[in-house]
Amino acid sequence: MLTTDASDLRDLIELVGPKAVRTDKEATPFMTDWRGRHRGNALAAILPATTDEASRVVTFCRDRGITIYPQGGNTGLCAGGVPPEEERRCIVLSAGRMRRIRELDAVGDVAVVEAGVTLSALHDAVLSEERLFPLRLGSEGTAQIGGLISTNAGGTGAVRYGVMRDLVLGLEVVMPDGNVLRRLSGLRKDNRGYDWKHLFIGGEGSLGFVTAAALKLFPAVRDEAHAACVVESPEAAVALFGRLRKRFDTAIHAFELVSGGEVALALKHVPGLRAPFDPLPEWILMIELGNSDPDGRLSERLTGFLERSLSDGMILDAVIPATVQQAADLWAVRHSLSEANKKEGHGVVFDIAVRVSRVPEFIAGATALIEQLMPIAEPLYVCHLGDGNVHVIAMIPHGALPDRVSLDNSVARLQEAIHDLSESIGGSFSAEHGIGRKLAPELARRLPPTEWNTMRQIKRALDPMDLFAPGVLMQASPDDE
Ligand SMILES: Cc1cc2nc3c(=O)[nH]c(=O)nc-3n(C[C@H](O)[C@H](O)[C@H](O)COP(=O)(O)OP(=O)(O)OC[C@H]3O[C@@H](n4cnc5c(N)ncnc54)[C@H](O)[C@@H]3O)c2cc1C
């Protein structure tokens, strides 16, 4: 059927009602990524209120050959949820109006929630039942369950509870043909064939639109302890992690290493934060312990542990928050780092995973590469050290930005070198942020052919028209014609 943009839009409004269709200025926030580096174009952003509406929209788009970019809270850092810059016939399909918590089973430890529920809203809802959903990250007030699933998000709690993949029991997905694939039984044991949910977890919207999920819950934390420590080096931090693990094992809820330069940026740009140390040291460790046993005396035990570590020189200084507010202030610093980076300048950001034991070697190598290949940038580090995830930021302040071509060339050279470094020590160039449009060429280039071809076969089998998120995660290759 030959249609025009205007008739497509008119028919979409008829299909789902005007409340679900955003165009022009109202659509702008859906077209721009969180960092403001990618601005796309689409016919409209469509916000279905139910799975049935979402299915009707997808079927409509399939019939008209309109491509679909699924979107959640739009906090993704790899430009996966926004449409491309060049004008094309596409829509943004947002889960923003699908915000129902369908079921909260505190005995079975399962929550069935719609894709548009924000992570904070889920935290609050399950806490009222004395349960915990353990994913924690800086964007939790805005990031949505559908987006967190589609990027397989990690965050600070991964050291204890794993990443999003470890927290999903089942999914409901609108497939590219408009059918709804659903398994929300919330069972812990279920061997009815292939575990297809894993294709959509980390699938970045390339295989369908996630509309709901059954998620694992845990006992609420009833005893906790927090600390910030000064360590001499990443090596010292890894050594302390080994010792802490022997003592506290699964009570370690977060083990984060950040460079002092990063904390300085947070204090400079984000109002209301308190410096954990003055002057700021080169490396700061942030530790959170948690337990469901209220009599675990975690704070007392952590204090004793840190006193011993201080006396034998493993750490150089430590602060232990005395109140809940002081602990919140400490973690506010940690969760403000991305926002501070955005304000400071152009951060060339890497999201690397290596084994915990190899983090120091990786950091030393990355620092040397930044000094050599991008001397105008300051190397900064934010590491989820407990799971081996290192965010390297080569920070170029706004005032020092070179022209576009020189910047693009030096970013490309640095990316090549840092990804080579991580590969040479058995690491991954995408740990928790995903691939998006940003790293799609890297995935195509760096994956072994058998892995790449298997992924392309899956994409072709489930989305033969390349309707969902073309150019995101999987680039089209010449043999697809
Ligand atoms: C301040 C800040 C801190 C952050 N900290 C962390 C961190 O510690 N750890 C971490 O892992 N990430 C972090 N992130 C990145 C980001 O928050 C996560 O990637 C998050 O999972 C994105 O969720 P979202 O709802 O915003 O998804 P979006 O940005 O809207 O989309 C991300 C991807 O998922 C797809 N998608 C979204 N919703 C759906 C759906 N319903 N169905 C199918 N596909 C969908 C999109 O197409 C896109 O490819 C941070 C981001 C910011 C801004």
# chains A, B, ... in the order shown; residues from 1 in each chain; ligands from 1
>>> residues_near_ligand(ligand="ligand 1", cutoff="6 Å", atoms="only C-alpha atoms and all ligand atoms", output="count of residues only")
37
>>> select_by_dssp(residues="range 257-386 of chain A", states="strand (DSSP E or B)", output="PyMOL selection string")
chain A and resi 257-259+283-291+317-319+345-353+378-384
>>> residues_around(residues="range 181-188 of chain A", least_positions_apart="6", cutoff="6 Å", atoms="only C-alpha atoms", output="mmCIF file with C-alpha atoms, in the first residue's frame")
data_model
loop_
_atom_site.group_PDB
_atom_site.id
_atom_site.type_symbol
_atom_site.label_atom_id
_atom_site.label_comp_id
_atom_site.auth_asym_id
_atom_site.auth_seq_id
_atom_site.Cartn_x
_atom_site.Cartn_y
_atom_site.Cartn_z
ATOM 1 C CA LEU A 169 12.229 -15.035 35.532
ATOM 2 C CA GLY A 170 10.106 -14.440 32.452
ATOM 3 C CA LEU A 171 9.040 -11.920 29.824
ATOM 4 C CA GLU A 172 6.161 -10.699 27.703
ATOM 5 C CA VAL A 173 7.269 -9.398 24.309
ATOM 6 C CA ALA A 214 8.421 -11.433 35.976
#
>>> closest_residue(among="A:Trp196, A:Phe362, A:Phe350, A:Tyr161", to="Pro234 in chain A", atoms="only C-alpha atoms")
A:Phe362
>>> select_by_dssp(residues="range 94-292 of chain A", states="alpha helix (DSSP H)", output="number ranges by chain")
A: 119-127, 145-150, 158-161, 197-200, 234-248, 260-269
>>> closest_residue(among="A:His335, A:Arg10, A:Arg243, A:Arg97", to="Leu306 in chain A", atoms="only C-alpha atoms")
A:Arg243
>>> closest_residue(among="A:Gly40, A:Gly434, A:Pro134, A:Pro176", to="Gly65 in chain A", atoms="only C-alpha atoms")
A:Pro176
>>> closest_residue(among="A:Gly203, A:Gly162, A:Pro470, A:Gly116", to="Ile435 in chain A", atoms="only C-alpha atoms")
A:Gly203
>>> closest_residue(among="A:Thr59, A:Thr51, A:Ser406, A:Ser357", to="Arg99 in chain A", atoms="only C-alpha atoms")
A:Thr51
>>> residues_around(residues="Val324 in chain A", least_positions_apart="6", cutoff="10 Å", atoms="only C-alpha atoms", output="count of residues only")
4
>>> atom_distance(atom1="CA of Thr50 in chain A", atom2="CA of Ala111 in chain A")
17.8 Å
>>> atom_distance(atom1="CA of His346 in chain A", atom2="CA of Pro276 in chain A")
25.6 Å
>>> residues_around(residues="Gly296 in chain A", least_positions_apart="2", cutoff="12 Å", atoms="only C-alpha atoms", output="list in words")
Val221, Arg222, Asp223, Glu224, Ala225, Phe248, Ala251, Leu289, Gly290, Asn291, Ser292, Asp293, Pro294, Leu298, Ser299, Glu300, Arg301 and Leu302 of chain A
>>> closest_atom_pairs(of="range 350-438 of chain A", to="range 443-459 of chain A", cutoff="10 Å", atoms="only C-alpha atoms", output="CSV")
residue,atom,partner,partner_atom,distance
A:His419,CA,A:Arg446,CA,9.4
A:Asp420,CA,A:Arg446,CA,9.6
A:Glu423,CA,A:Arg446,CA,9.3
A:Phe429,CA,A:Leu443,CA,8.9
A:Ser430,CA,A:Leu443,CA,9.1
A:Ile435,CA,A:Leu443,CA,7.5
A:Gly436,CA,A:Leu443,CA,10.0
A:Lys438,CA,A:Leu443,CA,9.9
>>> closest_residue(among="A:Val392, A:Ala377, A:Leu257, A:Ile68", to="Asp463 in chain A", atoms="only C-alpha atoms")
A:Ile68
>>> closest_atom_pairs(of="range 41-142 of chain A", to="range 23-36 of chain A", cutoff="6 Å", atoms="only C-alpha atoms", output="CSV")
residue,atom,partner,partner_atom,distance
A:Ala44,CA,A:Thr23,CA,4.9
A:Ala45,CA,A:Ala27,CA,5.9
A:Thr75,CA,A:Trp34,CA,5.3
A:Val82,CA,A:Met31,CA,5.4
>>> write_last_selection(atoms="C-alpha atoms", output="PDB file, in the first residue's frame")
ATOM      1  CA  ALA A  44       6.159  10.271  15.947  1.00  0.00           C
ATOM      2  CA  ALA A  45       6.740   8.758  19.375  1.00  0.00           C
ATOM      3  CA  THR A  75      18.944   7.034  29.786  1.00  0.00           C
ATOM      4  CA  VAL A  82      16.821   7.066  19.598  1.00  0.00           C
TER       5      VAL A  82
END
>>> residues_around(residues="Asn341 in chain A", least_positions_apart="3", cutoff="9 Å", atoms="only C-alpha atoms", output="CSV table (one decimal) with C-alpha atoms, in the first residue's frame")
chain,number,residue,atom,x,y,z
A,262,GLU,CA,36.0,12.0,39.3
A,265,LEU,CA,34.0,16.8,39.2
A,266,ALA,CA,30.9,15.6,41.1
A,269,HIS,CA,29.0,20.3,39.2
A,336,SER,CA,26.2,11.7,40.6
A,337,LEU,CA,29.4,10.9,38.6
A,338,SER,CA,27.7,10.4,35.2
A,344,GLU,CA,32.3,19.0,32.7
A,345,GLY,CA,33.0,18.4,29.0
A,346,HIS,CA,33.2,15.7,26.4
A,347,GLY,CA,34.0,12.4,28.1
A,393,ILE,CA,36.6,8.3,30.9
A,395,MET,CA,37.7,13.8,29.9
>>> atom_distance(atom1="CA of Met98 in chain A", atom2="CA of Glu114 in chain A")
5.7 Å
